[in-house]
file model_11.txt (compact mmCIF, N, CA and C atoms)
# COMPACT_ATOMS: atom_id res chain seq x y z
N GLU A 1 10.44 9.42 -23.86
CA GLU A 1 9.07 9.26 -24.28
C GLU A 1 8.93 9.31 -25.79
N PHE A 2 9.97 9.76 -26.52
CA PHE A 2 9.92 9.84 -27.97
C PHE A 2 10.81 8.79 -28.64
N THR A 3 11.06 7.70 -27.96
CA THR A 3 11.92 6.65 -28.50
C THR A 3 11.10 5.41 -28.78
N GLU A 4 11.35 4.81 -29.96
CA GLU A 4 10.69 3.57 -30.34
C GLU A 4 11.73 2.49 -30.57
N PHE A 5 11.38 1.26 -30.24
CA PHE A 5 12.22 0.09 -30.49
C PHE A 5 11.41 -0.93 -31.27
N VAL A 6 12.02 -1.50 -32.30
CA VAL A 6 11.35 -2.54 -33.09
C VAL A 6 12.35 -3.67 -33.33
N PRO A 7 12.05 -4.89 -32.89
CA PRO A 7 12.96 -6.00 -33.19
C PRO A 7 12.93 -6.31 -34.68
N CYS A 8 14.10 -6.61 -35.25
CA CYS A 8 14.18 -6.90 -36.69
C CYS A 8 14.41 -8.38 -36.95
N PHE A 9 15.52 -8.92 -36.45
CA PHE A 9 15.80 -10.33 -36.67
C PHE A 9 16.85 -10.83 -35.69
N GLN A 10 16.95 -12.17 -35.61
CA GLN A 10 17.95 -12.82 -34.78
C GLN A 10 18.96 -13.51 -35.69
N LEU A 11 20.23 -13.44 -35.32
CA LEU A 11 21.27 -14.12 -36.08
C LEU A 11 21.15 -15.62 -35.88
N PRO A 12 21.73 -16.43 -36.78
CA PRO A 12 21.70 -17.88 -36.59
C PRO A 12 22.27 -18.26 -35.22
N SER A 13 21.76 -19.34 -34.67
CA SER A 13 22.14 -19.79 -33.33
C SER A 13 23.64 -19.98 -33.19
N GLN A 14 24.16 -19.50 -32.08
CA GLN A 14 25.57 -19.66 -31.71
C GLN A 14 25.60 -20.28 -30.32
N GLU A 15 26.70 -20.96 -30.01
CA GLU A 15 26.79 -21.64 -28.73
C GLU A 15 26.93 -20.68 -27.56
N GLN A 16 27.74 -19.62 -27.73
CA GLN A 16 28.07 -18.76 -26.60
C GLN A 16 27.35 -17.42 -26.56
N PHE A 17 26.53 -17.11 -27.58
CA PHE A 17 25.81 -15.83 -27.55
C PHE A 17 24.58 -15.89 -28.44
N ILE A 18 23.68 -14.96 -28.19
CA ILE A 18 22.51 -14.73 -29.03
C ILE A 18 22.71 -13.37 -29.68
N GLY A 19 22.56 -13.29 -30.99
CA GLY A 19 22.72 -12.03 -31.71
C GLY A 19 21.37 -11.53 -32.21
N ILE A 20 21.04 -10.28 -31.92
CA ILE A 20 19.76 -9.69 -32.30
C ILE A 20 20.02 -8.32 -32.93
N VAL A 21 19.26 -7.99 -33.98
CA VAL A 21 19.29 -6.65 -34.57
C VAL A 21 17.93 -6.01 -34.30
N TYR A 22 17.96 -4.78 -33.78
CA TYR A 22 16.72 -4.03 -33.56
C TYR A 22 16.88 -2.63 -34.13
N TRP A 23 15.74 -1.98 -34.33
CA TRP A 23 15.69 -0.63 -34.87
C TRP A 23 15.29 0.30 -33.73
N ARG A 24 16.03 1.40 -33.58
CA ARG A 24 15.73 2.37 -32.54
C ARG A 24 15.54 3.73 -33.21
N ALA A 25 14.41 4.37 -32.92
CA ALA A 25 14.12 5.69 -33.49
C ALA A 25 13.99 6.70 -32.36
N ASP A 26 14.73 7.79 -32.48
CA ASP A 26 14.65 8.94 -31.58
C ASP A 26 14.33 10.15 -32.45
N LEU A 27 14.19 11.30 -31.81
CA LEU A 27 14.00 12.52 -32.58
C LEU A 27 15.22 12.79 -33.45
N LEU A 28 15.01 12.98 -34.74
CA LEU A 28 16.03 13.31 -35.73
C LEU A 28 17.08 12.21 -35.96
N GLN A 29 16.80 10.99 -35.54
CA GLN A 29 17.73 9.90 -35.81
C GLN A 29 17.06 8.55 -35.66
N TYR A 30 17.55 7.60 -36.44
CA TYR A 30 17.17 6.22 -36.25
C TYR A 30 18.38 5.35 -36.54
N HIS A 31 18.46 4.23 -35.86
CA HIS A 31 19.61 3.35 -36.00
C HIS A 31 19.19 1.89 -35.95
N TYR A 32 19.94 1.08 -36.70
CA TYR A 32 19.86 -0.37 -36.57
C TYR A 32 21.01 -0.78 -35.67
N VAL A 33 20.70 -1.56 -34.64
CA VAL A 33 21.69 -1.89 -33.62
C VAL A 33 21.83 -3.40 -33.53
N LEU A 34 23.07 -3.88 -33.55
CA LEU A 34 23.38 -5.28 -33.33
C LEU A 34 23.77 -5.43 -31.87
N VAL A 35 23.11 -6.32 -31.17
CA VAL A 35 23.43 -6.57 -29.77
C VAL A 35 23.64 -8.07 -29.58
N THR A 36 24.64 -8.42 -28.76
CA THR A 36 24.86 -9.82 -28.43
C THR A 36 24.58 -10.02 -26.94
N LEU A 37 23.95 -11.14 -26.63
CA LEU A 37 23.51 -11.44 -25.27
C LEU A 37 24.03 -12.80 -24.84
N ASP A 38 24.30 -12.95 -23.56
CA ASP A 38 24.67 -14.25 -22.98
C ASP A 38 23.40 -15.10 -22.91
N PRO A 39 23.40 -16.30 -23.50
CA PRO A 39 22.18 -17.11 -23.51
C PRO A 39 21.76 -17.63 -22.13
N ARG A 40 22.68 -17.71 -21.19
CA ARG A 40 22.35 -18.22 -19.86
C ARG A 40 21.81 -17.14 -18.93
N SER A 41 22.47 -15.98 -18.92
CA SER A 41 22.07 -14.92 -17.98
C SER A 41 21.21 -13.84 -18.62
N GLY A 42 21.25 -13.72 -19.95
CA GLY A 42 20.53 -12.65 -20.63
C GLY A 42 21.25 -11.32 -20.60
N GLU A 43 22.45 -11.28 -20.00
CA GLU A 43 23.23 -10.05 -19.92
C GLU A 43 23.80 -9.67 -21.29
N MET A 44 23.89 -8.38 -21.54
CA MET A 44 24.46 -7.90 -22.79
C MET A 44 25.97 -8.13 -22.81
N ILE A 45 26.47 -8.68 -23.92
CA ILE A 45 27.90 -8.88 -24.10
C ILE A 45 28.49 -7.68 -24.83
N ASP A 46 27.85 -7.30 -25.96
CA ASP A 46 28.37 -6.20 -26.75
C ASP A 46 27.23 -5.57 -27.56
N ARG A 47 27.50 -4.36 -28.11
CA ARG A 47 26.47 -3.62 -28.85
C ARG A 47 27.17 -2.75 -29.87
N LYS A 48 26.59 -2.67 -31.10
CA LYS A 48 27.19 -1.85 -32.15
C LYS A 48 26.10 -1.34 -33.08
N VAL A 49 26.12 -0.03 -33.37
CA VAL A 49 25.22 0.54 -34.38
C VAL A 49 25.75 0.12 -35.73
N ILE A 50 24.90 -0.49 -36.57
CA ILE A 50 25.35 -0.99 -37.87
C ILE A 50 24.71 -0.26 -39.05
N GLY A 51 23.85 0.70 -38.79
CA GLY A 51 23.24 1.46 -39.87
C GLY A 51 22.27 2.48 -39.32
N GLY A 52 21.87 3.44 -40.19
CA GLY A 52 20.87 4.41 -39.78
C GLY A 52 21.15 5.80 -40.29
N THR A 53 20.42 6.74 -39.73
CA THR A 53 20.51 8.14 -40.12
C THR A 53 20.47 9.02 -38.88
N SER A 54 21.33 10.04 -38.86
CA SER A 54 21.34 11.02 -37.77
C SER A 54 21.40 12.42 -38.37
N TYR A 55 20.73 13.35 -37.73
CA TYR A 55 20.74 14.75 -38.15
C TYR A 55 20.99 15.62 -36.93
N ASN A 56 21.99 16.51 -37.01
CA ASN A 56 22.33 17.35 -35.86
C ASN A 56 21.94 18.81 -36.05
N GLY A 57 21.08 19.08 -37.04
CA GLY A 57 20.68 20.45 -37.33
C GLY A 57 21.44 21.06 -38.50
N LYS A 58 22.56 20.48 -38.85
CA LYS A 58 23.36 20.96 -39.97
C LYS A 58 23.74 19.81 -40.91
N ASP A 59 24.33 18.77 -40.34
CA ASP A 59 24.83 17.65 -41.14
C ASP A 59 23.93 16.43 -41.01
N LEU A 60 23.81 15.72 -42.11
CA LEU A 60 23.07 14.47 -42.16
C LEU A 60 24.08 13.35 -42.34
N THR A 61 24.08 12.39 -41.43
CA THR A 61 24.98 11.24 -41.50
C THR A 61 24.15 10.00 -41.77
N GLN A 62 24.54 9.25 -42.80
CA GLN A 62 23.85 8.02 -43.14
C GLN A 62 24.85 6.88 -43.13
N SER A 63 24.43 5.75 -42.56
CA SER A 63 25.27 4.56 -42.49
C SER A 63 24.47 3.36 -42.95
N SER A 64 25.17 2.43 -43.57
CA SER A 64 24.53 1.21 -44.02
C SER A 64 25.46 0.05 -43.71
N GLY A 65 24.89 -1.04 -43.21
CA GLY A 65 25.71 -2.19 -42.85
C GLY A 65 25.13 -3.48 -43.37
N ILE A 66 26.01 -4.46 -43.52
CA ILE A 66 25.59 -5.81 -43.86
C ILE A 66 26.27 -6.79 -42.92
N ILE A 67 25.63 -7.92 -42.72
CA ILE A 67 26.19 -9.01 -41.92
C ILE A 67 26.29 -10.21 -42.84
N THR A 68 27.48 -10.77 -42.99
CA THR A 68 27.66 -11.91 -43.87
C THR A 68 27.36 -13.21 -43.13
N GLU A 69 27.34 -14.31 -43.88
CA GLU A 69 27.05 -15.61 -43.28
C GLU A 69 28.10 -16.03 -42.26
N ASP A 70 29.35 -15.59 -42.45
CA ASP A 70 30.40 -15.93 -41.49
C ASP A 70 30.53 -14.88 -40.38
N LEU A 71 29.46 -14.09 -40.18
CA LEU A 71 29.33 -13.11 -39.09
C LEU A 71 30.35 -11.97 -39.15
N MET A 72 30.69 -11.57 -40.38
CA MET A 72 31.45 -10.34 -40.59
C MET A 72 30.44 -9.21 -40.76
N VAL A 73 30.77 -8.04 -40.23
CA VAL A 73 29.90 -6.87 -40.34
C VAL A 73 30.66 -5.78 -41.09
N PHE A 74 30.08 -5.29 -42.18
CA PHE A 74 30.67 -4.22 -42.98
C PHE A 74 29.76 -3.00 -42.89
N ILE A 75 30.33 -1.84 -42.52
CA ILE A 75 29.55 -0.62 -42.35
C ILE A 75 30.19 0.50 -43.17
N VAL A 76 29.38 1.18 -43.98
CA VAL A 76 29.82 2.34 -44.76
C VAL A 76 29.01 3.54 -44.28
N SER A 77 29.69 4.66 -44.03
CA SER A 77 29.03 5.88 -43.56
C SER A 77 29.43 7.06 -44.42
N GLY A 78 28.48 7.98 -44.61
CA GLY A 78 28.74 9.21 -45.34
C GLY A 78 28.05 10.36 -44.67
N GLN A 79 28.57 11.54 -44.89
CA GLN A 79 28.01 12.73 -44.25
C GLN A 79 27.93 13.85 -45.27
N GLY A 80 26.91 14.66 -45.16
CA GLY A 80 26.76 15.82 -46.02
C GLY A 80 25.84 16.83 -45.39
N GLN A 81 25.78 18.00 -45.97
CA GLN A 81 24.88 19.02 -45.45
C GLN A 81 23.47 18.71 -45.92
N ALA A 82 22.55 18.72 -45.01
CA ALA A 82 21.19 18.26 -45.29
C ALA A 82 20.43 19.14 -46.26
N GLU A 83 20.69 20.45 -46.26
CA GLU A 83 19.88 21.33 -47.10
C GLU A 83 20.13 21.12 -48.59
N ASP A 84 21.32 20.69 -48.98
CA ASP A 84 21.56 20.47 -50.41
C ASP A 84 21.83 19.00 -50.75
N TYR A 85 21.74 18.13 -49.77
CA TYR A 85 21.94 16.69 -49.97
C TYR A 85 23.22 16.38 -50.73
N ASP A 86 24.26 17.16 -50.49
CA ASP A 86 25.51 17.03 -51.22
C ASP A 86 26.47 16.15 -50.43
N PHE A 87 26.50 14.87 -50.76
CA PHE A 87 27.40 13.95 -50.09
C PHE A 87 28.69 13.85 -50.88
N GLU A 88 29.80 13.85 -50.16
CA GLU A 88 31.10 13.73 -50.80
C GLU A 88 31.65 12.34 -50.52
N ALA A 89 31.95 11.60 -51.60
CA ALA A 89 32.47 10.24 -51.45
C ALA A 89 33.78 10.22 -50.68
N ALA A 90 34.58 11.26 -50.83
CA ALA A 90 35.89 11.32 -50.16
C ALA A 90 35.76 11.34 -48.64
N SER A 91 34.61 11.80 -48.12
CA SER A 91 34.44 11.85 -46.67
C SER A 91 33.78 10.60 -46.12
N SER A 92 33.48 9.63 -46.98
CA SER A 92 32.86 8.38 -46.52
C SER A 92 33.88 7.53 -45.78
N THR A 93 33.37 6.72 -44.88
CA THR A 93 34.24 5.79 -44.14
C THR A 93 33.69 4.38 -44.29
N ALA A 94 34.57 3.41 -44.20
CA ALA A 94 34.19 1.99 -44.25
C ALA A 94 34.88 1.28 -43.10
N ASN A 95 34.12 0.45 -42.40
CA ASN A 95 34.66 -0.29 -41.27
C ASN A 95 34.26 -1.76 -41.36
N ARG A 96 35.12 -2.63 -40.83
CA ARG A 96 34.83 -4.06 -40.78
C ARG A 96 34.89 -4.53 -39.33
N PHE A 97 33.96 -5.41 -39.01
CA PHE A 97 33.90 -5.98 -37.67
C PHE A 97 33.67 -7.48 -37.80
N GLN A 98 34.09 -8.22 -36.79
CA GLN A 98 33.87 -9.67 -36.74
C GLN A 98 33.19 -10.00 -35.43
N LEU A 99 32.19 -10.84 -35.49
CA LEU A 99 31.57 -11.34 -34.27
C LEU A 99 32.41 -12.52 -33.78
N ALA A 100 33.06 -12.36 -32.64
CA ALA A 100 33.90 -13.43 -32.08
C ALA A 100 33.02 -14.53 -31.49
N GLU A 101 33.62 -15.67 -31.24
CA GLU A 101 32.88 -16.81 -30.69
C GLU A 101 32.25 -16.50 -29.34
N ASN A 102 32.83 -15.56 -28.59
CA ASN A 102 32.29 -15.21 -27.27
C ASN A 102 31.25 -14.09 -27.32
N GLY A 103 30.92 -13.60 -28.56
CA GLY A 103 29.91 -12.57 -28.70
C GLY A 103 30.43 -11.15 -28.76
N LYS A 104 31.73 -10.96 -28.57
CA LYS A 104 32.32 -9.62 -28.69
C LYS A 104 32.33 -9.20 -30.15
N ILE A 105 32.10 -7.90 -30.41
CA ILE A 105 32.15 -7.35 -31.75
C ILE A 105 33.51 -6.67 -31.90
N LEU A 106 34.39 -7.27 -32.69
CA LEU A 106 35.78 -6.82 -32.79
C LEU A 106 36.02 -6.09 -34.11
N GLU A 107 36.67 -4.91 -34.02
CA GLU A 107 37.02 -4.19 -35.24
C GLU A 107 38.24 -4.84 -35.88
N ILE A 108 38.19 -4.95 -37.19
CA ILE A 108 39.30 -5.58 -37.94
C ILE A 108 40.06 -4.49 -38.67

call {"tool": "encode", "arguments": {"input": "model_11.txt", "output": "structure tokens"}}
result
Amino acid sequence: EFTEFVPCFQLPSQEQFIGIVYWRADLLQYHYVLVTLDPRSGEMIDRKVIGGTSYNGKDLTQSSGIITEDLMVFIVSGQGQAEDYDFEAASSTANRFQLAENGKILEI
């Protein structure tokens, strides 16, 4: 009952899948989610959180992602203690993903 969904945008048309990014907000967290769907059946093919903020009562995790024109997804995440907003660059992570022709989100 405390969850909100907001559609953000659709990726350029692909033959084998539809790509959509939506925003999901829950208590103490919100995320941008990339989801791929089968255009014929509407069934979900794959799903990946590509950005947002989460708080677990102690640590604050922030992630930011971009999607390039060739459907590469780059995500950078960092974590720190929320009370002093002290983020350490050494604890950050970076990940790369590729949207395959069939709609699967593959880690590179």

call {"tool": "residues_around", "arguments": {"input": "model_11.txt", "residues": "A:Ile105", "least_positions_apart": "6", "cutoff": "6.5 Å", "atoms": "all atoms listed in the file", "output": "list in words"}}
result
Asp46, Arg47, Phe97, Gln98 and Leu99 of chain A

call {"tool": "axis_aligned_box", "arguments": {"input": "model_11.txt", "around": "stretch 64-70 of chain A", "padding_each_side": "3 Å", "output": "JSON"}}
result
{"center_x": 27.5, "center_y": -6.8, "center_z": -42.2, "size_x": 12.0, "size_y": 24.5, "size_z": 9.6}

call {"tool": "residues_around", "arguments": {"input": "model_11.txt", "residues": "A:Tyr30", "least_positions_apart": "3", "cutoff": "6 Å", "atoms": "all atoms listed in the file", "output": "ChimeraX atom specification"}}
result
/A:24-26,51-54

call {"tool": "closest_atom_pairs", "arguments": {"input": "model_11.txt", "of": "stretch 36-92 of chain A", "to": "stretch 14-21 of chain A", "cutoff": "5 Å", "atoms": "all atoms listed in the file", "output": "Markdown table"}}
result
| residue | atom | partner | partner_atom | distance |
| --- | --- | --- | --- | --- |
| A:Thr36 | CA | A:Ile18 | C | 4.3 |
| A:Leu37 | N | A:Ile18 | C | 4.0 |
| A:Asp38 | CA | A:Phe17 | CA | 5.0 |
| A:Pro39 | N | A:Phe17 | CA | 4.7 |

call {"tool": "atom_distance", "arguments": {"input": "model_11.txt", "atom1": "atom CA of A:Phe2", "atom2": "atom CA of A:Phe87"}}
result
28.5 Å
